[in-house]
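Visitor: Contents are PDB, C-alpha atoms; file name start-v4.pdb:
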ATOM      1  CA  MET R  21      -0.840 -38.444  13.811
ATOM      2  CA  ASN R  22       1.842 -38.331  11.137
ATOM      3  CA  LEU R  23       1.544 -36.495   7.837
ATOM      4  CA  GLY R  24       1.076 -39.681   5.796
ATOM      5  CA  THR R  25      -1.881 -40.707   7.942
ATOM      6  CA  LEU R  26      -3.399 -37.247   7.608
ATOM      7  CA  ILE R  27      -3.093 -37.329   3.819
ATOM      8  CA  SER R  28      -4.571 -40.818   3.569
ATOM      9  CA  ARG R  29      -7.510 -39.783   5.768
ATOM     10  CA  LEU R  30      -8.107 -36.679   3.678
ATOM     11  CA  GLU R  31      -8.277 -38.874   0.584
ATOM     12  CA  ASP R  32     -11.563 -40.241   1.949
ATOM     13  CA  GLU R  33     -14.258 -37.923   0.565
ATOM     14  CA  SER R  34     -16.390 -37.781   3.715
ATOM     15  CA  GLN R  35     -13.413 -37.162   5.993
ATOM     16  CA  GLY R  36     -12.083 -34.520   3.613
ATOM     17  CA  ALA R  37     -15.352 -32.586   3.704
ATOM     18  CA  ALA R  38     -15.543 -32.837   7.494
ATOM     19  CA  ALA R  39     -11.954 -31.648   7.879
ATOM     20  CA  LEU R  40     -12.630 -28.637   5.667
ATOM     21  CA  GLU R  41     -15.735 -27.738   7.646
ATOM     22  CA  ALA R  42     -13.788 -28.083  10.901
ATOM     23  CA  LEU R  43     -11.386 -25.360   9.778
ATOM     24  CA  GLY R  44     -14.192 -22.828  10.103
ATOM     25  CA  ASP R  45     -12.705 -20.767   7.280
ATOM     26  CA  ILE R  46     -15.680 -19.592   5.232
ATOM     27  CA  VAL R  47     -13.495 -17.964   2.564
ATOM     28  CA  LEU R  48     -11.482 -21.135   2.009
ATOM     29  CA  PHE R  49     -14.669 -23.204   2.045
ATOM     30  CA  SER R  50     -16.168 -20.932  -0.612
ATOM     31  CA  GLU R  51     -13.060 -21.142  -2.799
ATOM     32  CA  VAL R  52     -13.019 -24.932  -2.537
ATOM     33  CA  ARG R  53     -16.726 -25.124  -3.379
ATOM     34  CA  GLU R  54     -16.215 -22.897  -6.435
ATOM     35  CA  MET R  55     -13.262 -24.937  -7.698
ATOM     36  CA  ALA R  56     -15.038 -28.229  -6.984
ATOM     37  CA  ASP R  57     -17.975 -26.987  -9.066
ATOM     38  CA  ALA R  58     -15.612 -25.995 -11.887
ATOM     39  CA  PHE R  59     -14.284 -29.554 -12.020
ATOM     40  CA  GLY R  60     -17.620 -31.290 -11.419
ATOM     41  CA  GLU R  61     -16.581 -32.624  -8.017
ATOM     42  CA  THR R  62     -18.140 -32.610  -4.590
ATOM     43  CA  ILE R  63     -16.457 -30.521  -1.922
ATOM     44  CA  GLY R  64     -15.239 -33.654  -0.146
ATOM     45  CA  GLY R  65     -14.041 -35.084  -3.431
ATOM     46  CA  TYR R  66     -12.059 -31.947  -4.189
ATOM     47  CA  VAL R  67     -10.423 -32.024  -0.748
ATOM     48  CA  ALA R  68      -9.601 -35.689  -1.245
ATOM     49  CA  THR R  69      -8.043 -35.224  -4.659
ATOM     50  CA  SER R  70      -6.207 -32.108  -3.479
ATOM     51  CA  ALA R  71      -4.460 -33.999  -0.699
ATOM     52  CA  GLY R  72      -3.435 -36.752  -3.090
ATOM     53  CA  ARG R  73      -2.262 -34.324  -5.768
ATOM     54  CA  PHE R  74      -0.267 -32.379  -3.204
ATOM     55  CA  ALA R  75       1.398 -35.554  -1.993
ATOM     56  CA  ALA R  76       2.292 -36.538  -5.550
ATOM     57  CA  GLY R  77       3.028 -33.181  -7.139
ATOM     58  CA  ALA R  78       4.259 -30.586  -4.676
ATOM     59  CA  GLY R  79       7.909 -29.704  -5.082
ATOM     60  CA  ASP R  80      10.635 -29.933  -2.469
ATOM     61  CA  GLU R  81      10.392 -26.264  -1.534
ATOM     62  CA  THR R  82       6.639 -26.541  -0.977
ATOM     63  CA  TRP R  83       7.102 -29.637   1.169
ATOM     64  CA  LEU R  84       9.802 -27.951   3.259
ATOM     65  CA  SER R  85       7.556 -24.952   3.755
ATOM     66  CA  LEU R  86       4.707 -27.226   4.836
ATOM     67  CA  ILE R  87       6.867 -29.138   7.293
ATOM     68  CA  GLY R  88       8.200 -25.912   8.792
ATOM     69  CA  ALA R  89       4.686 -24.530   9.184
ATOM     70  CA  ILE R  90       3.481 -27.765  10.785
ATOM     71  CA  GLU R  91       6.335 -27.728  13.299
ATOM     72  CA  ARG R  92       5.366 -24.233  14.470
ATOM     73  CA  ALA R  93       1.590 -24.647  14.356
ATOM     74  CA  PRO R  94      -0.597 -25.162  17.400
ATOM     75  CA  GLN R  95      -2.907 -27.277  15.181
ATOM     76  CA  PRO R  96      -0.622 -29.028  12.681
ATOM     77  CA  GLY R  97      -3.371 -30.957  10.899
ATOM     78  CA  GLN R  98      -5.354 -27.826  10.149
ATOM     79  CA  THR R  99      -2.231 -26.033   9.004
ATOM     80  CA  ALA R 100      -1.380 -28.915   6.667
ATOM     81  CA  LEU R 101      -4.893 -28.994   5.229
ATOM     82  CA  ARG R 102      -4.917 -25.244   4.611
ATOM     83  CA  ARG R 103      -1.546 -25.405   2.858
ATOM     84  CA  MET R 104      -2.528 -28.389   0.716
ATOM     85  CA  LEU R 105      -5.791 -26.783  -0.321
ATOM     86  CA  ARG R 106      -4.136 -23.446  -1.092
ATOM     87  CA  TRP R 107      -1.582 -25.259  -3.268
ATOM     88  CA  ALA R 108      -4.345 -27.151  -5.084
ATOM     89  CA  LEU R 109      -6.508 -24.055  -5.542
ATOM     90  CA  ASP R 110      -3.582 -22.078  -6.947
ATOM     91  CA  SER R 111      -2.575 -24.940  -9.260
ATOM     92  CA  ASP R 112      -6.122 -25.455 -10.477
ATOM     93  CA  ALA R 113      -6.721 -21.739 -11.024
ATOM     94  CA  GLN R 114      -3.586 -21.630 -13.165
ATOM     95  CA  ALA R 115      -4.732 -24.688 -15.129
ATOM     96  CA  LEU R 116      -8.128 -23.100 -15.750
ATOM     97  CA  ARG R 117      -6.491 -19.870 -16.942
ATOM     98  CA  GLU R 118      -4.265 -21.823 -19.324
ATOM     99  CA  GLU R 119      -7.223 -23.828 -20.594
ATOM    100  CA  SER R 120      -9.271 -20.701 -21.261
ATOM    101  CA  THR R 121      -6.468 -19.124 -23.296
ATOM    102  CA  ARG R 122      -6.035 -22.309 -25.353
ATOM    103  CA  SER R 123      -9.722 -22.547 -26.146
ATOM    104  CA  VAL R 124      -9.847 -19.072 -27.685
ATOM    105  CA  GLU R 125      -8.921 -19.321 -31.353
ATOM    106  CA  PRO R 126      -7.216 -16.339 -32.922
ATOM    107  CA  ALA R 127      -9.242 -14.375 -35.452
ATOM    108  CA  LYS R 128      -8.619 -15.402 -39.047
ATOM    109  CA  ALA R 129      -8.189 -12.792 -41.730
ATOM    110  CA  CYS R 130      -9.741 -13.210 -45.140
ATOM    111  CA  THR R 131      -7.108 -14.364 -47.614
ATOM    112  CA  CYS R 132      -9.151 -14.345 -50.827
ATOM    113  CA  GLY R 133      -8.447 -10.686 -51.483
ATOM    114  CA  GLY R 134     -12.058  -9.791 -52.132
ATOM    115  CA  GLY R 135     -13.420 -10.044 -48.627
ATOM    116  CA  HIS R 136     -15.996 -12.652 -49.726
ATOM    117  CA  CYS R 137     -14.848 -15.707 -47.847
ATOM    118  CA  GLY R 138     -15.965 -16.499 -44.345
ATOM    119  CA  GLY R 139     -12.432 -17.130 -43.077
TER     120      GLY R 139
END
Could you render the structure as structure tokens?
Guide:
Amino acid sequence: MNLGTLISRLEDESQGAAALEALGDIVLFSEVREMADAFGETIGGYVATSAGRFAAGAGDETWLSLIGAIERAPQPGQTALRRMLRWALDSDAQALREESTRSVEPAKACTCGGGHCGG
């Protein structure tokens, strides 16, 4: 199976969930579940969108690293899935951190001079 076929299969929610379960990696499964919950997605949905986002957004260096890892792996499909999910989890964690810092408004000092205003 080529990489394009793998990615298109992973974009199907039910196949994405099954592929994640087949990895047998409880830590990765837990991280995916947590991030899926954060974005209001199912686990299969998160896997599906992760594969698509990786295909569309990963840079050249990330792709080269993936291809090299696949060439050396005894189970290339599982290696690809792990790498794609790790990329998505890292990207999404960064986005959530950035979002949380944007949503915190800086404290406003009173400018009326008398300390009577609420701002």
Visitor: Suppose you want the space between atom CA of R:Ile27 and atom CA of R:Arg73; what is it in Å?
Guide: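 About the pair atom CA of R:Ile27 and atom CA of R:Arg73: they are 10.1 Å apart.
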Visitor: I would like the residues chosen by the PyMOL selection byres ((chain R and resi 66) around 12) on the shown file; could you give them as a PyMOL selection string?
Guide: chain R and resi 30-37+40+49+51-65+67-74+104-105+108-109+112
Visitor: Could you jot down the atom CA of R:Gln98 to atom CA of R:Leu43 separation for me, Å, one decimal place?
Guide: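 Answer for the atom CA of R:Gln98 to atom CA of R:Leu43 separation: 6.5 Å.
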Visitor: Which distance in Å separates atom CA of R:Glu119 and atom CA of R:Trp107, to one decimal?
Guide: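 Value for the atom CA of R:Glu119-atom CA of R:Trp107 distance: 18.3 Å.
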Visitor: Just checking: using only C-alpha atoms, which residue out of R:Ala38, R:Leu26, R:Thr121, R:Ser111 ends up closest to R:Pro96?
Guide: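 Checking each of R:Ala38, R:Leu26, R:Thr121, R:Ser111 against R:Pro96, counting only C-alpha atoms, the winner is R:Leu26.
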